[in-house]
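Source file query04.txt; content: compact mmCIF, C-alpha atoms.
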# COMPACT_ATOMS: atom_id res chain seq x y z
CA MET B 1 -73.34 -59.14 26.05
CA ILE B 2 -71.68 -56.94 23.48
CA ASN B 3 -74.09 -54.33 22.11
CA PRO B 4 -72.94 -52.61 18.91
CA GLY B 5 -75.95 -50.27 18.89
CA GLN B 6 -78.50 -53.02 18.29
CA PHE B 7 -80.27 -52.80 21.63
CA ALA B 8 -81.76 -49.85 23.46
CA ILE B 9 -83.03 -49.25 26.98
CA GLY B 10 -86.27 -51.17 27.38
CA ASP B 11 -85.50 -53.87 24.79
CA THR B 12 -86.29 -57.42 25.87
CA ILE B 13 -84.24 -60.47 24.93
CA SER B 14 -86.03 -63.82 25.08
CA LEU B 15 -85.13 -67.35 24.10
CA SER B 16 -88.75 -68.19 23.33
CA ASP B 17 -91.48 -66.60 21.22
CA GLY B 18 -94.67 -65.05 22.51
CA PHE B 19 -93.18 -62.33 24.68
CA ASN B 20 -95.50 -59.33 24.44
CA TYR B 21 -95.74 -56.03 26.30
CA GLN B 22 -98.67 -53.67 26.14
CA PRO B 23 -97.70 -50.31 24.56
CA LEU B 24 -97.03 -47.41 26.90
CA PRO B 25 -100.14 -45.29 27.42
CA GLN B 26 -100.30 -41.91 25.76
CA PHE B 27 -102.21 -39.12 27.40
CA GLN B 28 -104.21 -36.36 25.74
CA PRO B 29 -101.74 -33.49 25.15
CA GLU B 30 -102.61 -30.10 26.61
CA VAL B 31 -99.57 -28.02 25.62
CA PHE B 32 -98.08 -27.58 22.18
CA ALA B 33 -94.95 -25.95 20.78
CA ARG B 34 -93.14 -25.53 17.47
CA VAL B 35 -89.62 -26.95 17.76
CA GLN B 36 -86.71 -26.16 15.42
CA PRO B 37 -82.94 -26.59 15.56
CA THR B 38 -81.15 -23.24 15.74
CA ASP B 39 -78.45 -24.61 13.40
CA VAL B 40 -79.90 -26.19 10.22
CA GLY B 41 -76.65 -28.15 9.85
CA LYS B 42 -77.73 -30.18 12.89
CA ARG B 43 -81.03 -31.25 11.30
CA LYS B 44 -80.08 -34.94 11.11
CA ALA B 45 -79.20 -35.08 14.83
CA PHE B 46 -82.35 -33.08 15.63
CA ASP B 47 -84.56 -35.52 13.69
CA LYS B 48 -82.90 -38.50 15.39
CA GLY B 49 -83.35 -36.97 18.85
CA MET B 50 -86.97 -36.06 18.22
CA GLU B 51 -87.76 -39.57 16.95
CA GLN B 52 -86.03 -41.15 19.96
CA MET B 53 -87.88 -39.01 22.49
CA ALA B 54 -91.21 -39.59 20.78
CA ALA B 55 -90.55 -43.36 20.92
CA GLU B 56 -89.80 -43.04 24.64
CA GLY B 57 -92.97 -41.05 25.23
CA THR B 58 -91.23 -37.84 26.31
CA VAL B 59 -93.41 -35.92 23.85
CA GLN B 60 -95.70 -36.66 20.94
CA ILE B 61 -94.45 -35.41 17.59
CA LEU B 62 -96.82 -33.68 15.19
CA ARG B 63 -96.01 -32.21 11.78
CA SER B 64 -97.58 -29.50 9.69
CA LEU B 65 -99.54 -30.79 6.71
CA ASP B 66 -96.71 -29.62 4.41
CA ASP B 67 -94.10 -31.45 6.57
CA LEU B 68 -92.08 -28.24 7.10
CA ASP B 69 -92.70 -27.77 10.82
CA PHE B 70 -92.25 -30.10 13.78
CA LEU B 71 -94.62 -29.60 16.67
CA ALA B 72 -94.25 -31.19 20.06
CA ALA B 73 -97.32 -32.09 22.10
CA ALA B 74 -97.17 -32.86 25.80
CA VAL B 75 -99.28 -33.13 28.92
CA GLY B 76 -97.23 -30.50 30.74
CA ARG B 77 -94.60 -27.81 30.11
CA LEU B 78 -91.96 -29.78 32.02
CA GLN B 79 -91.85 -32.30 29.16
CA PHE B 80 -90.64 -29.51 26.85
CA ASP B 81 -87.86 -28.68 29.32
CA VAL B 82 -86.79 -32.34 29.25
CA LEU B 83 -86.94 -32.32 25.43
CA GLU B 84 -84.72 -29.25 25.14
CA PHE B 85 -82.26 -30.51 27.78
CA ARG B 86 -81.86 -33.91 26.15
CA LEU B 87 -81.55 -32.51 22.62
CA ARG B 88 -78.81 -30.17 23.86
CA ASN B 89 -76.91 -32.69 26.00
CA GLU B 90 -77.39 -36.01 24.20
CA TYR B 91 -77.62 -34.87 20.57
CA ARG B 92 -75.66 -31.58 20.75
CA VAL B 93 -78.56 -29.67 19.18
CA GLU B 94 -79.68 -26.27 20.40
CA THR B 95 -83.36 -25.67 19.72
CA ARG B 96 -85.83 -22.86 19.43
CA LEU B 97 -89.08 -23.77 21.14
CA GLU B 98 -92.08 -21.56 20.39
CA PRO B 99 -95.07 -22.26 22.68
CA LEU B 100 -98.39 -22.36 20.83
CA SER B 101 -101.65 -21.22 22.38
CA TYR B 102 -103.66 -24.39 21.78
CA ALA B 103 -105.32 -26.09 24.73
CA CYS B 104 -106.85 -29.28 23.34
CA SER B 105 -106.81 -31.56 20.33
CA ALA B 106 -108.61 -34.39 18.54
CA TRP B 107 -108.04 -36.80 15.69
CA LEU B 108 -110.15 -35.85 12.71
CA VAL B 109 -112.13 -38.67 11.11
CA GLY B 110 -113.74 -37.78 7.80
CA ASP B 111 -112.91 -35.92 4.62
CA LEU B 112 -110.27 -33.31 5.42
CA ASP B 113 -111.36 -31.19 2.44
CA THR B 114 -114.91 -30.77 3.73
CA PHE B 115 -114.03 -30.16 7.39
CA ARG B 116 -114.82 -26.58 8.41
CA ALA B 117 -112.26 -25.79 11.08
CA PRO B 118 -112.86 -22.85 13.42
CA SER B 119 -110.72 -19.84 12.51
CA ASP B 120 -108.60 -20.33 15.63
CA ALA B 121 -107.85 -24.03 14.96
CA MET B 122 -104.84 -25.61 13.27
CA ILE B 123 -104.76 -28.93 11.41
CA VAL B 124 -101.59 -31.03 11.67
CA LYS B 125 -100.78 -34.74 11.38
CA ASP B 126 -99.32 -37.36 13.68
CA HIS B 127 -96.54 -39.89 13.04
CA ARG B 128 -99.01 -42.09 11.13
CA ASP B 129 -100.14 -39.16 8.94
CA ARG B 130 -103.56 -39.02 10.65
CA PRO B 131 -105.03 -35.50 10.72
CA ILE B 132 -105.26 -33.84 14.13
CA VAL B 133 -107.04 -30.60 14.90
CA LEU B 134 -105.56 -28.32 17.55
CA PHE B 135 -108.05 -26.03 19.29
CA ARG B 136 -107.44 -22.92 21.37
CA SER B 137 -110.22 -23.86 23.79
CA PRO B 138 -112.67 -26.66 24.61
CA TRP B 139 -115.43 -24.29 23.40
CA SER B 140 -113.80 -24.16 19.95
CA LYS B 141 -113.64 -27.96 19.87
CA THR B 142 -117.34 -28.22 20.75
CA PHE B 143 -118.16 -25.64 18.08
CA ALA B 144 -116.27 -27.71 15.48
CA LYS B 145 -118.14 -30.87 16.49
CA GLU B 146 -121.50 -29.13 16.17
CA HIS B 147 -120.71 -27.59 12.76
CA ASN B 148 -119.22 -30.74 11.20
CA PRO B 149 -121.82 -33.49 11.69
CA ASP B 150 -120.23 -35.65 8.97
CA HIS B 151 -116.92 -35.76 10.85
CA ASP B 152 -115.81 -37.28 14.13
CA LEU B 153 -113.36 -35.71 16.54
CA LEU B 154 -111.75 -38.47 18.59
CA GLU B 155 -109.74 -37.99 21.75
CA MET B 156 -106.03 -38.53 21.28
CA GLY B 157 -104.32 -41.02 23.49

Is it possible to express this structure as structure tokens?
Amino acid sequence: MINPGQFAIGDTISLSDGFNYQPLPQFQPEVFARVQPTDVGKRKAFDKGMEQMAAEGTVQILRSLDDLDFLAAAVGRLQFDVLEFRLRNEYRVETRLEPLSYACSAWLVGDLDTFRAPSDAMIVKDHRDRPIVLFRSPWSKTFAKEHNPDHDLLEMG
């Protein structure tokens, strides 16, 4: 079969309808990093690589509320090594990866304007623009839950 870029690894071709796979599971991220291309001229390739690896489940992609920063979220540090290696070798993009000192996260359900985040927390958004709170410790997450009774903090996954 000739493939002019229409199919990717994992695609399924079927002659009948009704073929359905369950989505790949996502696990609660425990490590976070800010990721940027070292050469802004490679931004298009960087964006394409980040989107591809997020689709494959290598990392989860988060963005700052102002859309200026990309953050990568993963279960373990090794996933960041894979991210950097693949961006460099498959997309020809060198990156600067800045580890962040957050240890847990949760989706925020409720009015973002009335949520009182702990001083050591950071609010970002996922690929569907849902707000996510990053916490430096489980204690900080518990504190936020207790002091925001009109909001829910849901486990990511």

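Between atom CA of B:Gln28 and atom CA of B:Cys104 the separation is 7.9 Å.
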
Query raised in the report: What residues have an atom no more than 12 Å from (-84.8, -30.0, 28.9) in the file's own frame, counting all atoms listed in the file, and can you write them as a PyMOL selection string?
Result: chain B and resi 53+58-59+77-90+93-97

Query - Test item: residues at most 7 Å from B:Ser64, only C-alpha atoms, excluding those fewer than 6 positions along its chain, as a ChimeraX atom specification - result: /B:70,124-125

**Report entry** d(atom CA of B:Pro118, atom CA of B:Phe143) in Å
**Finding:**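 Interatomic distance, atom CA of B:Pro118 to atom CA of B:Phe143: 7.6 Å.
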
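The smallest atom-to-atom distance between B:Glu98 and any of B:Ala117, B:Ala72, B:Ala45, B:Leu65, using all atoms listed in the file, is found for B:Ala72.
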
**Report entry** Computed interatomic separation between atom CA of B:Leu154 and atom CA of B:Val109 (Å)
**Finding:**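 Answer for the atom CA of B:Leu154 to atom CA of B:Val109 separation: 7.5 Å.
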
Query raised in the report: Between B:Phe115, B:Phe135, B:Tyr91, B:Tyr102, which is the closest to B:Pro37 once you count only C-alpha atoms?
Result: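 Closest to B:Pro37 of all the choices is B:Tyr91.
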
Report summary line: Judged by all atoms listed in the file, the minimum distance to B:Ser140 among B:Ser119, B:Asn20, B:Leu71, B:Glu155 is found for B:Ser119
